[in-house]
Amino acid sequence: MTVDKSRREAAGPQPLSGIVVLDLSGALGNYCGKLFADLGADVILVEPLDGTPARRMEPRVEGRSDAEASLQFQYNNTNKRSIAVDLDRPEGQEVLRSLAVGADLLIETERPGVMEARGLGYKALKELAPQLVMTSITPFGQTGPYAQWQAEDIIGLALGGMLYLGGYTDSPPMAAYGYQAYAAGNLFGAVASMAAVYDAEVSGAGQHVDVSMQESVVMGMETAIQFCDLEGTVRKRTAGQQRMAGAGVFECKDGYIFLLAGGSGANRFWTPTVQWLVDEGVEGVEALQERKWSDQDYLATAEAKAIFKGVFSPFAKSHNKLELYTKGQQRRIPIAPVSSTADIVQSKQLQERGFFVTTQAAGDESGARPLVMPGAPYKLSATPWSLRRPAPRLGEHTSEILSALGINEERQVKLREQGVVR
Amino acid sequence: MKRLLEGIKIVDFTWIGAGSYTTKLLADLGADVIKIETATRLDSLRITRPFKDGIAGIDRSGYFADRNTSKRSITVNVKHAEGLKLVKQLIAHCDLVTNNFTPDVMGKLGLGYEVVKGIKSDIVFVSMSMQGATGPDRDYLGYGLTIGSITGFQHLTGLPDREPAGTGTNYPDHIPNPTHAAFAILAALRHKRRTGEGQYIDIAQTEPTIALLGPWIMNYTVNGRVDNRRGNAHPQMAPHGVYPCLGEDRWIAIAAASDEQWNTLRGMLGLADEPRWATMEGRLADREGLDRAIAEWSRHKEPRALMEELQAAGVPAGAVQDARDVLRYDPQLAWRQHWVEFDHPEMGMSTYNAAPFRFSDAESTPSSPAPLLGQHTREICSGILKLSESEIERLMECGALK
């Protein structure tokens, strides 16, 4: 017996309905699984008996430390079902093999070699399940000199080159917030997995997909590689200063704004920005009207940056960020508030688009602590993104998943007693 | 070896950052991406640094080149009546139409979703504006940096007592938006293949980016906590940070995630086995002291050698690599053949990113360098549109194919 596809396929117009995904992953793969689940795939989170590592990650619902308290876990595992099974035990490995027979995709993030040692490597699974796509997301990839090295998020950012570009000119490099190396691995893993499943559904032939977190981070180096390759220069971090005159963070009355007046779009925003300051009667604006300001090399000089700041800062400081945002944007100037998480949640734009969705964590049946979280990252008109259920409790669906595999009650009791499943 | 998206045809109006990066992913996977360009309004990346040898030119930008591998370029002026007609004919042959303009632009060009759907009923039509097609701020404009600002990345990255640092790059253009968009596109193409139904996909570039900060958004909605910048500190790990090394602006990142890793690191540092450091809680409480001790030690070491020593002992560590390190000296990226060299007709031998994944049974390296402006105009007109040489000449002269 395999996972019953037809039952879930009837669920509704979802672009990925009918696809079965086994998500064995930790932080490098749970968001990849979420992308599939939120578009309608049946994603089974295969957890160790003490739960997937994300269940222990900050931030948490305050005052709670139980297995459902992690917001990291709650967010990255929506719409999934959970089975808790010990994959280091032969009986557990047998359960996974049975699941693989009916699955389209397996996502795993173990150190290279671990799945093979369990008898669950790609070659072994392919024998049983030729249609299966197996995606391995690891710090450095399956082979090569660093393949067995260990890496937390910040190590991926460091070796992937993004870390060097972040931070102040006079500080150590600063890591992008929110585990973006993990995010990069998840995201490129999702694209590659989807492409492989798209092909396998027709060809009948799955793939092993080898995704490297380090290499995924390299994709975020913007122009730094091309500057090195084509002009022979090494880009450095710039925070605390303008990138070009008129491009950077400026303090305002209630925080900061980000202005991109200089340099972007072949410098076409310079003139409207200066006109704005003229119309506002900003003191000293004449200094920005000379011909030299159309020269991008001049905009890159310390002198140009100092002159711009001298004119613009007093104006910015006497207005709040939303005023500056609205006024600048009305003139088609790229300017934006430096938003905090509170600003984001209060954004009229996002509220109007229904961006935030609400659910309840398992274990909070009273609904005392509703979970409000980001919803659809894309709006598909015919087959919309949907939140159908919250992240699962540890082993919440163990019985129904085992039953669908044809494992009867008696054997399930035995597997539980032996400590193979939970 | 096969390419996974062979046979998919895309009429691509995207330009600049996130849009072009999205269709690069699809093109490198084998889709036929026809980039609609016009000499009357250039993709501004074509005239943005860096340029080959520092010499400006519309076919010399590395910023443009890396985002447009494996694509074909046609110049066609859609503001010219005959140009518009040609684009409509191309759309009739395609599966997907993509753009990242502000919401009204495609409609003004006479190529809004309803019109395009009228040409090809099962089309997947993708718009990636900054704020999406609806809402009070829908017409606002921006770039990766301003999107990074609206979405919290600028605010959250850097030191708590200094101005927000951000990632230092147009981050949303390179990872959050292209990957989410490509995923949604592939899901929609799968749905189309199964049901014959196309659809309209509205992506606000702010939204996939915010999606990557979900847990911290929830820390506000659930706990009322507004997170702030925290440098390189980690809420559950110490030591965890970036430490100075021998040489100018040389650093190493080190993270000790377990007691075992800490004890190994402590031994290498030559520190005593003090009870206050025995648990993660204790180490988190003495975070600054530990950071100072590591910095004192690391500043006398060469970063790569130290990384190798730490990794050999089982401690997660990584040299903070700059662009030259990543490009020329990283043995792992070299092993994976991440860097692809192409002989570009104008730029000569130059380096491109391959996608960061490998398939056991399919090709994913880019198949060709970025196109010259209009490089494939004739080929597309004769190959797909079946136009004669004389007709192509006429359309070039009248300005439709410009």
# chains A, B, ... in the order shown; residues from 1 in each chain; ligands from 1

call {"tool": "closest_atom_pairs", "arguments": {"of": "chain B", "to": "chain A", "cutoff": "6 Å", "atoms": "only C-alpha atoms", "output": "JSON lines"}}
result
{"residue": "B:Leu4", "atom": "CA", "partner": "A:Asp199", "partner_atom": "CA", "distance": 5.8}
{"residue": "B:Ser44", "atom": "CA", "partner": "A:Gly265", "partner_atom": "CA", "distance": 5.8}
{"residue": "B:Pro50", "atom": "CA", "partner": "A:Phe227", "partner_atom": "CA", "distance": 5.4}
{"residue": "B:Lys52", "atom": "CA", "partner": "A:Leu230", "partner_atom": "CA", "distance": 4.7}
{"residue": "B:Asp53", "atom": "CA", "partner": "A:Glu231", "partner_atom": "CA", "distance": 5.3}
{"residue": "B:Gly54", "atom": "CA", "partner": "A:Glu231", "partner_atom": "CA", "distance": 5.5}
{"residue": "B:Gly62", "atom": "CA", "partner": "A:Gln226", "partner_atom": "CA", "distance": 5.4}
{"residue": "B:Tyr63", "atom": "CA", "partner": "A:Thr223", "partner_atom": "CA", "distance": 5.8}
{"residue": "B:Gly135", "atom": "CA", "partner": "A:Gln349", "partner_atom": "CA", "distance": 5.3}
{"residue": "B:Pro136", "atom": "CA", "partner": "A:Gln349", "partner_atom": "CA", "distance": 5.8}
{"residue": "B:Asp137", "atom": "CA", "partner": "A:Gln349", "partner_atom": "CA", "distance": 5.9}
{"residue": "B:Tyr140", "atom": "CA", "partner": "A:Gln329", "partner_atom": "CA", "distance": 5.8}
{"residue": "B:Leu141", "atom": "CA", "partner": "A:Pro334", "partner_atom": "CA", "distance": 5.7}
{"residue": "B:Gly142", "atom": "CA", "partner": "A:Pro334", "partner_atom": "CA", "distance": 4.8}
{"residue": "B:Thr146", "atom": "CA", "partner": "A:Ala336", "partner_atom": "CA", "distance": 5.5}
{"residue": "B:Ser149", "atom": "CA", "partner": "A:Val338", "partner_atom": "CA", "distance": 4.7}
{"residue": "B:Ile150", "atom": "CA", "partner": "A:Ser339", "partner_atom": "CA", "distance": 5.2}
{"residue": "B:Gly152", "atom": "CA", "partner": "A:Ser339", "partner_atom": "CA", "distance": 5.2}
{"residue": "B:His155", "atom": "CA", "partner": "A:Val338", "partner_atom": "CA", "distance": 5.7}
{"residue": "B:Leu156", "atom": "CA", "partner": "A:Tyr177", "partner_atom": "CA", "distance": 5.9}
{"residue": "B:Thr157", "atom": "CA", "partner": "A:Tyr177", "partner_atom": "CA", "distance": 5.2}
{"residue": "B:Gly158", "atom": "CA", "partner": "A:Met174", "partner_atom": "CA", "distance": 6.0}
{"residue": "B:Ala165", "atom": "CA", "partner": "A:Ala239", "partner_atom": "CA", "distance": 4.9}
{"residue": "B:Thr167", "atom": "CA", "partner": "A:Gly166", "partner_atom": "CA", "distance": 4.7}
{"residue": "B:Gly168", "atom": "CA", "partner": "A:Gly166", "partner_atom": "CA", "distance": 4.8}
{"residue": "B:His174", "atom": "CA", "partner": "A:Gly220", "partner_atom": "CA", "distance": 5.3}
{"residue": "B:Thr179", "atom": "CA", "partner": "A:Leu187", "partner_atom": "CA", "distance": 5.8}
{"residue": "B:Phe183", "atom": "CA", "partner": "A:Val191", "partner_atom": "CA", "distance": 5.2}
{"residue": "B:Ala187", "atom": "CA", "partner": "A:Pro15", "partner_atom": "CA", "distance": 5.6}
{"residue": "B:His191", "atom": "CA", "partner": "A:Pro15", "partner_atom": "CA", "distance": 5.0}
{"residue": "B:Gln199", "atom": "CA", "partner": "A:Ala382", "partner_atom": "CA", "distance": 5.7}
{"residue": "B:Tyr200", "atom": "CA", "partner": "A:Ser381", "partner_atom": "CA", "distance": 5.4}
{"residue": "B:Ile201", "atom": "CA", "partner": "A:Leu380", "partner_atom": "CA", "distance": 4.6}
{"residue": "B:Asp202", "atom": "CA", "partner": "A:Lys379", "partner_atom": "CA", "distance": 5.0}
{"residue": "B:Ile203", "atom": "CA", "partner": "A:Tyr378", "partner_atom": "CA", "distance": 4.8}
{"residue": "B:Glu207", "atom": "CA", "partner": "A:Pro377", "partner_atom": "CA", "distance": 5.2}
{"residue": "B:Pro208", "atom": "CA", "partner": "A:Pro377", "partner_atom": "CA", "distance": 4.6}
{"residue": "B:Ala211", "atom": "CA", "partner": "A:Pro374", "partner_atom": "CA", "distance": 5.8}
{"residue": "B:Gly214", "atom": "CA", "partner": "A:Pro374", "partner_atom": "CA", "distance": 5.9}
{"residue": "B:Pro215", "atom": "CA", "partner": "A:Gln72", "partner_atom": "CA", "distance": 5.0}
{"residue": "B:Ile217", "atom": "CA", "partner": "A:Thr341", "partner_atom": "CA", "distance": 5.5}
{"residue": "B:Met218", "atom": "CA", "partner": "A:Met373", "partner_atom": "CA", "distance": 5.7}
{"residue": "B:Thr221", "atom": "CA", "partner": "A:Val372", "partner_atom": "CA", "distance": 5.8}
{"residue": "B:Asn232", "atom": "CA", "partner": "A:Ala175", "partner_atom": "CA", "distance": 5.9}
{"residue": "B:Ala253", "atom": "CA", "partner": "A:Ile155", "partner_atom": "CA", "distance": 5.9}
{"residue": "B:Pro316", "atom": "CA", "partner": "A:Ala151", "partner_atom": "CA", "distance": 5.1}
{"residue": "B:Ala317", "atom": "CA", "partner": "A:Ile155", "partner_atom": "CA", "distance": 5.9}
{"residue": "B:Gly318", "atom": "CA", "partner": "A:Ile155", "partner_atom": "CA", "distance": 5.0}
{"residue": "B:Val320", "atom": "CA", "partner": "A:Ala158", "partner_atom": "CA", "distance": 4.3}
{"residue": "B:Gln321", "atom": "CA", "partner": "A:Gly161", "partner_atom": "CA", "distance": 5.2}
{"residue": "B:Asp322", "atom": "CA", "partner": "A:Gly161", "partner_atom": "CA", "distance": 5.6}
{"residue": "B:Ala323", "atom": "CA", "partner": "A:Ile225", "partner_atom": "CA", "distance": 5.4}
{"residue": "B:Gln332", "atom": "CA", "partner": "A:Gly144", "partner_atom": "CA", "distance": 5.8}
{"residue": "B:Trp335", "atom": "CA", "partner": "A:Gly144", "partner_atom": "CA", "distance": 5.8}
{"residue": "B:Pro356", "atom": "CA", "partner": "A:Ser216", "partner_atom": "CA", "distance": 5.1}
{"residue": "B:Phe357", "atom": "CA", "partner": "A:Val211", "partner_atom": "CA", "distance": 4.4}
{"residue": "B:Arg358", "atom": "CA", "partner": "A:Asp210", "partner_atom": "CA", "distance": 5.1}
{"residue": "B:Phe359", "atom": "CA", "partner": "A:Val209", "partner_atom": "CA", "distance": 4.7}
{"residue": "B:Ser360", "atom": "CA", "partner": "A:His208", "partner_atom": "CA", "distance": 5.1}

call {"tool": "residues_around", "arguments": {"residues": "range 117-120 of chain A", "least_positions_apart": "6", "cutoff": "10 Å", "atoms": "only C-alpha atoms", "output": "PDB file with all heavy atoms, in the first residue's frame"}}
result
ATOM      1  N   LEU A  87      14.655   6.770  12.416  1.00  0.00           N
ATOM      2  CA  LEU A  87      15.246   6.291  11.170  1.00  0.00           C
ATOM      3  C   LEU A  87      16.579   5.583  11.387  1.00  0.00           C
ATOM      4  O   LEU A  87      17.192   5.111  10.426  1.00  0.00           O
ATOM      5  CB  LEU A  87      15.408   7.441  10.170  1.00  0.00           C
ATOM      6  CG  LEU A  87      14.103   8.095   9.707  1.00  0.00           C
ATOM      7  CD1 LEU A  87      14.396   9.234   8.743  1.00  0.00           C
ATOM      8  CD2 LEU A  87      13.178   7.077   9.046  1.00  0.00           C
ATOM      9  N   ASP A  88      17.047   5.527  12.628  1.00  0.00           N
ATOM     10  CA  ASP A  88      18.271   4.768  12.901  1.00  0.00           C
ATOM     11  C   ASP A  88      17.960   3.314  13.249  1.00  0.00           C
ATOM     12  O   ASP A  88      18.865   2.514  13.475  1.00  0.00           O
ATOM     13  CB  ASP A  88      19.067   5.435  14.027  1.00  0.00           C
ATOM     14  CG  ASP A  88      19.661   6.756  13.568  1.00  0.00           C
ATOM     15  OD1 ASP A  88      20.078   6.844  12.396  1.00  0.00           O
ATOM     16  OD2 ASP A  88      19.656   7.722  14.359  1.00  0.00           O
ATOM     17  N   ARG A  89      16.669   2.978  13.320  1.00  0.00           N
ATOM     18  CA  ARG A  89      16.263   1.593  13.603  1.00  0.00           C
ATOM     19  C   ARG A  89      15.797   0.932  12.307  1.00  0.00           C
ATOM     20  O   ARG A  89      15.107   1.560  11.500  1.00  0.00           O
ATOM     21  CB  ARG A  89      15.094   1.599  14.603  1.00  0.00           C
ATOM     22  CG  ARG A  89      15.410   2.255  15.938  1.00  0.00           C
ATOM     23  CD  ARG A  89      16.001   1.254  16.901  1.00  0.00           C
ATOM     24  NE  ARG A  89      15.059   0.179  17.195  1.00  0.00           N
ATOM     25  CZ  ARG A  89      14.210   0.200  18.231  1.00  0.00           C
ATOM     26  NH1 ARG A  89      14.192   1.213  19.066  1.00  0.00           N
ATOM     27  NH2 ARG A  89      13.380  -0.814  18.421  1.00  0.00           N
ATOM     28  N   PRO A  90      16.147  -0.330  12.093  1.00  0.00           N
ATOM     29  CA  PRO A  90      15.737  -1.020  10.859  1.00  0.00           C
ATOM     30  C   PRO A  90      14.228  -0.953  10.626  1.00  0.00           C
ATOM     31  O   PRO A  90      13.788  -0.765   9.491  1.00  0.00           O
ATOM     32  CB  PRO A  90      16.180  -2.467  11.091  1.00  0.00           C
ATOM     33  CG  PRO A  90      17.232  -2.404  12.143  1.00  0.00           C
ATOM     34  CD  PRO A  90      16.965  -1.194  12.970  1.00  0.00           C
ATOM     35  N   GLY A  92      12.203   1.377  11.538  1.00  0.00           N
ATOM     36  CA  GLY A  92      11.897   2.741  11.127  1.00  0.00           C
ATOM     37  C   GLY A  92      12.284   2.972   9.670  1.00  0.00           C
ATOM     38  O   GLY A  92      11.560   3.617   8.902  1.00  0.00           O
ATOM     39  N   GLN A  93      13.424   2.413   9.307  1.00  0.00           N
ATOM     40  CA  GLN A  93      13.884   2.531   7.913  1.00  0.00           C
ATOM     41  C   GLN A  93      12.884   1.849   6.970  1.00  0.00           C
ATOM     42  O   GLN A  93      12.628   2.334   5.878  1.00  0.00           O
ATOM     43  CB  GLN A  93      15.284   1.908   7.783  1.00  0.00           C
ATOM     44  CG  GLN A  93      16.339   2.732   8.514  1.00  0.00           C
ATOM     45  CD  GLN A  93      17.567   1.916   8.927  1.00  0.00           C
ATOM     46  OE1 GLN A  93      17.689   0.728   8.587  1.00  0.00           O
ATOM     47  NE2 GLN A  93      18.467   2.549   9.676  1.00  0.00           N
ATOM     48  N   GLU A  94      12.309   0.744   7.438  1.00  0.00           N
ATOM     49  CA  GLU A  94      11.330   0.031   6.625  1.00  0.00           C
ATOM     50  C   GLU A  94      10.081   0.899   6.414  1.00  0.00           C
ATOM     51  O   GLU A  94       9.519   0.948   5.316  1.00  0.00           O
ATOM     52  CB  GLU A  94      10.973  -1.302   7.320  1.00  0.00           C
ATOM     53  CG  GLU A  94      10.322  -2.326   6.413  1.00  0.00           C
ATOM     54  CD  GLU A  94      10.992  -2.482   5.051  1.00  0.00           C
ATOM     55  OE1 GLU A  94      12.235  -2.585   4.998  1.00  0.00           O
ATOM     56  OE2 GLU A  94      10.258  -2.476   4.036  1.00  0.00           O
ATOM     57  N   LEU A  96      10.042   4.132   6.332  1.00  0.00           N
ATOM     58  CA  LEU A  96      10.375   5.184   5.366  1.00  0.00           C
ATOM     59  C   LEU A  96      10.395   4.639   3.934  1.00  0.00           C
ATOM     60  O   LEU A  96       9.928   5.307   3.009  1.00  0.00           O
ATOM     61  CB  LEU A  96      11.709   5.863   5.689  1.00  0.00           C
ATOM     62  CG  LEU A  96      11.822   7.113   4.821  1.00  0.00           C
ATOM     63  CD1 LEU A  96      11.178   8.305   5.484  1.00  0.00           C
ATOM     64  CD2 LEU A  96      13.204   7.405   4.379  1.00  0.00           C
ATOM     65  N   ARG A  97      10.924   3.437   3.798  1.00  0.00           N
ATOM     66  CA  ARG A  97      10.933   2.847   2.449  1.00  0.00           C
ATOM     67  C   ARG A  97       9.513   2.698   1.905  1.00  0.00           C
ATOM     68  O   ARG A  97       9.243   2.979   0.744  1.00  0.00           O
ATOM     69  CB  ARG A  97      11.666   1.507   2.453  1.00  0.00           C
ATOM     70  CG  ARG A  97      13.180   1.676   2.338  1.00  0.00           C
ATOM     71  CD  ARG A  97      13.878   0.340   2.110  1.00  0.00           C
ATOM     72  NE  ARG A  97      14.025  -0.406   3.354  1.00  0.00           N
ATOM     73  CZ  ARG A  97      15.077  -0.288   4.183  1.00  0.00           C
ATOM     74  NH1 ARG A  97      16.073   0.524   3.867  1.00  0.00           N
ATOM     75  NH2 ARG A  97      15.130  -0.977   5.286  1.00  0.00           N
ATOM     76  N   ALA A 100       8.324   6.016   0.796  1.00  0.00           N
ATOM     77  CA  ALA A 100       9.004   6.501  -0.411  1.00  0.00           C
ATOM     78  C   ALA A 100       8.353   5.941  -1.677  1.00  0.00           C
ATOM     79  O   ALA A 100       8.321   6.611  -2.712  1.00  0.00           O
ATOM     80  CB  ALA A 100      10.479   6.139  -0.369  1.00  0.00           C
ATOM     81  N   LYS A 126      15.892   4.633  -5.097  1.00  0.00           N
ATOM     82  CA  LYS A 126      15.547   4.626  -6.517  1.00  0.00           C
ATOM     83  C   LYS A 126      15.112   3.220  -6.984  1.00  0.00           C
ATOM     84  O   LYS A 126      14.224   3.087  -7.819  1.00  0.00           O
ATOM     85  CB  LYS A 126      16.762   5.093  -7.326  1.00  0.00           C
ATOM     86  CG  LYS A 126      16.493   5.310  -8.790  1.00  0.00           C
ATOM     87  CD  LYS A 126      17.765   5.685  -9.520  1.00  0.00           C
ATOM     88  CE  LYS A 126      17.508   5.778 -11.017  1.00  0.00           C
ATOM     89  NZ  LYS A 126      18.740   6.085 -11.752  1.00  0.00           N
TER      90      LYS A 126
END

call {"tool": "residues_around", "arguments": {"residues": "range 341-344 of chain B", "least_positions_apart": "3", "cutoff": "8 Å", "atoms": "only C-alpha atoms", "output": "PyMOL selection string"}}
result
chain B and resi 347-352+368-370

call {"tool": "residues_around", "arguments": {"residues": "Glu37 in chain B", "least_positions_apart": "6", "cutoff": "12 Å", "atoms": "only C-alpha atoms", "output": "MDAnalysis selection string"}}
result
chainID B and resid 11:16 43:44 46 71:79 83 87 99 371:377 400:402

call {"tool": "select_by_dssp", "arguments": {"residues": "range 310-388 of chain A", "states": "alpha helix (DSSP H)", "output": "PyMOL selection string"}}
result
chain A and resi 310-317+321-330+341-346+348-352

call {"tool": "write_last_selection", "arguments": {"atoms": "N, CA and C atoms", "output": "mmCIF file, in the first residue's frame"}}
result
data_model
loop_
_atom_site.group_PDB
_atom_site.id
_atom_site.type_symbol
_atom_site.label_atom_id
_atom_site.label_comp_id
_atom_site.auth_asym_id
_atom_site.auth_seq_id
_atom_site.Cartn_x
_atom_site.Cartn_y
_atom_site.Cartn_z
ATOM 1 N N GLY A 310 24.433 67.178 4.022
ATOM 2 C CA GLY A 310 24.273 68.486 4.657
ATOM 3 C C GLY A 310 22.959 69.157 4.283
ATOM 4 N N VAL A 311 22.534 68.956 3.055
ATOM 5 C CA VAL A 311 21.279 69.565 2.591
ATOM 6 C C VAL A 311 20.072 68.725 3.016
ATOM 7 N N PHE A 312 20.178 67.412 2.846
ATOM 8 C CA PHE A 312 19.000 66.556 3.002
ATOM 9 C C PHE A 312 18.671 66.223 4.462
ATOM 10 N N SER A 313 19.700 66.049 5.293
ATOM 11 C CA SER A 313 19.460 65.574 6.664
ATOM 12 C C SER A 313 18.539 66.457 7.499
ATOM 13 N N PRO A 314 18.746 67.779 7.498
ATOM 14 C CA PRO A 314 17.841 68.613 8.318
ATOM 15 C C PRO A 314 16.377 68.485 7.863
ATOM 16 N N PHE A 315 16.174 68.370 6.568
ATOM 17 C CA PHE A 315 14.823 68.176 6.023
ATOM 18 C C PHE A 315 14.253 66.844 6.506
ATOM 19 N N ALA A 316 15.040 65.764 6.368
ATOM 20 C CA ALA A 316 14.566 64.432 6.779
ATOM 21 C C ALA A 316 14.230 64.419 8.264
ATOM 22 N N LYS A 317 15.062 65.035 9.059
ATOM 23 C CA LYS A 317 14.868 64.983 10.518
ATOM 24 C C LYS A 317 13.616 65.721 10.979
ATOM 25 N N LYS A 321 8.801 59.090 8.893
ATOM 26 C CA LYS A 321 9.153 58.232 7.755
ATOM 27 C C LYS A 321 8.002 58.022 6.776
ATOM 28 N N LEU A 322 6.791 57.926 7.294
ATOM 29 C CA LEU A 322 5.675 57.716 6.361
ATOM 30 C C LEU A 322 5.382 58.946 5.518
ATOM 31 N N GLU A 323 5.573 60.135 6.108
ATOM 32 C CA GLU A 323 5.422 61.382 5.323
ATOM 33 C C GLU A 323 6.416 61.416 4.168
ATOM 34 N N LEU A 324 7.664 61.133 4.497
ATOM 35 C CA LEU A 324 8.704 61.184 3.462
ATOM 36 C C LEU A 324 8.449 60.125 2.388
ATOM 37 N N TYR A 325 8.020 58.979 2.826
ATOM 38 C CA TYR A 325 7.720 57.866 1.909
ATOM 39 C C TYR A 325 6.626 58.290 0.922
ATOM 40 N N THR A 326 5.518 58.789 1.454
ATOM 41 C CA THR A 326 4.387 59.166 0.615
ATOM 42 C C THR A 326 4.746 60.310 -0.322
ATOM 43 N N LYS A 327 5.352 61.353 0.246
ATOM 44 C CA LYS A 327 5.680 62.520 -0.585
ATOM 45 C C LYS A 327 6.667 62.179 -1.693
ATOM 46 N N GLY A 328 7.698 61.427 -1.344
ATOM 47 C CA GLY A 328 8.708 61.056 -2.347
ATOM 48 C C GLY A 328 8.119 60.166 -3.420
ATOM 49 N N GLN A 329 7.332 59.175 -3.002
ATOM 50 C CA GLN A 329 6.768 58.241 -3.974
ATOM 51 C C GLN A 329 5.781 58.938 -4.904
ATOM 52 N N GLN A 330 5.066 59.955 -4.397
ATOM 53 C CA GLN A 330 4.155 60.692 -5.275
ATOM 54 C C GLN A 330 4.907 61.369 -6.410
ATOM 55 N N THR A 341 9.373 45.282 12.483
ATOM 56 C CA THR A 341 8.335 44.250 12.339
ATOM 57 C C THR A 341 6.959 44.831 12.691
ATOM 58 N N ALA A 342 6.911 45.744 13.642
ATOM 59 C CA ALA A 342 5.622 46.369 13.990
ATOM 60 C C ALA A 342 5.106 47.206 12.823
ATOM 61 N N ASP A 343 5.992 47.969 12.183
ATOM 62 C CA ASP A 343 5.585 48.766 11.013
ATOM 63 C C ASP A 343 5.019 47.860 9.921
ATOM 64 N N ILE A 344 5.652 46.722 9.726
ATOM 65 C CA ILE A 344 5.224 45.797 8.668
ATOM 66 C C ILE A 344 3.811 45.286 8.957
ATOM 67 N N VAL A 345 3.586 44.883 10.203
ATOM 68 C CA VAL A 345 2.266 44.338 10.553
ATOM 69 C C VAL A 345 1.197 45.427 10.420
ATOM 70 N N GLN A 346 1.577 46.670 10.678
ATOM 71 C CA GLN A 346 0.603 47.764 10.601
ATOM 72 C C GLN A 346 0.467 48.363 9.198
ATOM 73 N N LYS A 348 -0.734 49.434 5.849
ATOM 74 C CA LYS A 348 -2.052 49.453 5.182
ATOM 75 C C LYS A 348 -2.009 48.656 3.882
ATOM 76 N N GLN A 349 -0.896 48.788 3.196
ATOM 77 C CA GLN A 349 -0.740 48.081 1.930
ATOM 78 C C GLN A 349 -0.863 46.566 2.126
ATOM 79 N N LEU A 350 -0.137 46.046 3.102
ATOM 80 C CA LEU A 350 -0.163 44.598 3.333
ATOM 81 C C LEU A 350 -1.508 44.153 3.878
ATOM 82 N N GLN A 351 -2.107 44.983 4.725
ATOM 83 C CA GLN A 351 -3.429 44.634 5.266
ATOM 84 C C GLN A 351 -4.462 44.584 4.156
ATOM 85 N N GLU A 352 -4.411 45.586 3.295
ATOM 86 C CA GLU A 352 -5.346 45.644 2.176
ATOM 87 C C GLU A 352 -5.245 44.406 1.284
#

call {"tool": "atom_distance", "arguments": {"atom1": "CA of Glu397 in chain B", "atom2": "CA of Ile34 in chain B"}}
result
21.6 Å

call {"tool": "closest_residue", "arguments": {"among": "A:Gly29, A:Val278, A:Arg393, A:Ala245", "to": "Pro139 in chain A", "atoms": "only C-alpha atoms"}}
result
A:Gly29

call {"tool": "atom_distance", "arguments": {"atom1": "CA of Leu109 in chain B", "atom2": "CA of Ile36 in chain B"}}
result
12.9 Å

call {"tool": "atom_distance", "arguments": {"atom1": "CA of Glu68 in chain A", "atom2": "CA of Met237 in chain B"}}
result
20.9 Å

call {"tool": "residues_around", "arguments": {"residues": "Ala182 in chain B", "least_positions_apart": "4", "cutoff": "9 Å", "atoms": "only C-alpha atoms", "output": "list in words"}}
result
Val191 of chain A; Thr22, Thr23, Leu25, Leu26, Asn177, Pro178, Leu186 and Ala187 of chain B

call {"tool": "write_last_selection", "arguments": {"atoms": "C-alpha atoms", "output": "mmCIF file, in the first residue's frame"}}
result
data_model
loop_
_atom_site.group_PDB
_atom_site.id
_atom_site.type_symbol
_atom_site.label_atom_id
_atom_site.label_comp_id
_atom_site.auth_asym_id
_atom_site.auth_seq_id
_atom_site.Cartn_x
_atom_site.Cartn_y
_atom_site.Cartn_z
ATOM 1 C CA VAL A 191 13.083 25.574 -7.200
ATOM 2 C CA THR B 22 13.791 34.725 -12.121
ATOM 3 C CA THR B 23 13.838 34.028 -15.839
ATOM 4 C CA LEU B 25 16.738 30.375 -13.344
ATOM 5 C CA LEU B 26 14.179 29.089 -15.843
ATOM 6 C CA ASN B 177 12.075 37.113 -5.032
ATOM 7 C CA PRO B 178 13.483 35.139 -7.959
ATOM 8 C CA LEU B 186 6.554 26.009 -12.008
ATOM 9 C CA ALA B 187 3.553 25.193 -9.823
#

call {"tool": "residues_around", "arguments": {"residues": "Tyr143 in chain B", "least_positions_apart": "5", "cutoff": "8 Å", "atoms": "only C-alpha atoms", "output": "PyMOL selection string"}}
result
(chain A and resi 334) or (chain B and resi 17+130+170+173)

call {"tool": "write_last_selection", "arguments": {"atoms": "N, CA, C and O atoms", "output": "short mmCIF file (atom, residue, chain, number, x, y, z; two decimals), in the first residue's frame"}}
result
data_model
loop_
_atom_site.label_atom_id
_atom_site.label_comp_id
_atom_site.auth_asym_id
_atom_site.auth_seq_id
_atom_site.Cartn_x
_atom_site.Cartn_y
_atom_site.Cartn_z
N PRO A 334 12.35 56.64 -5.73
CA PRO A 334 12.45 55.44 -4.89
C PRO A 334 12.92 55.76 -3.47
O PRO A 334 14.11 55.97 -3.22
N GLY B 17 16.55 43.76 -11.92
CA GLY B 17 17.02 42.74 -10.99
C GLY B 17 16.19 41.48 -10.87
O GLY B 17 16.41 40.48 -11.56
N MET B 130 6.67 45.94 -7.32
CA MET B 130 7.23 46.05 -5.97
C MET B 130 6.18 45.75 -4.90
O MET B 130 6.43 45.05 -3.94
N ASN B 170 21.35 44.55 -2.95
CA ASN B 170 19.92 44.48 -3.32
C ASN B 170 19.44 43.05 -3.04
O ASN B 170 19.07 42.32 -3.96
N ASP B 173 16.33 41.10 -4.59
CA ASP B 173 16.40 40.81 -6.03
C ASP B 173 17.10 39.49 -6.33
O ASP B 173 16.94 38.95 -7.43
#
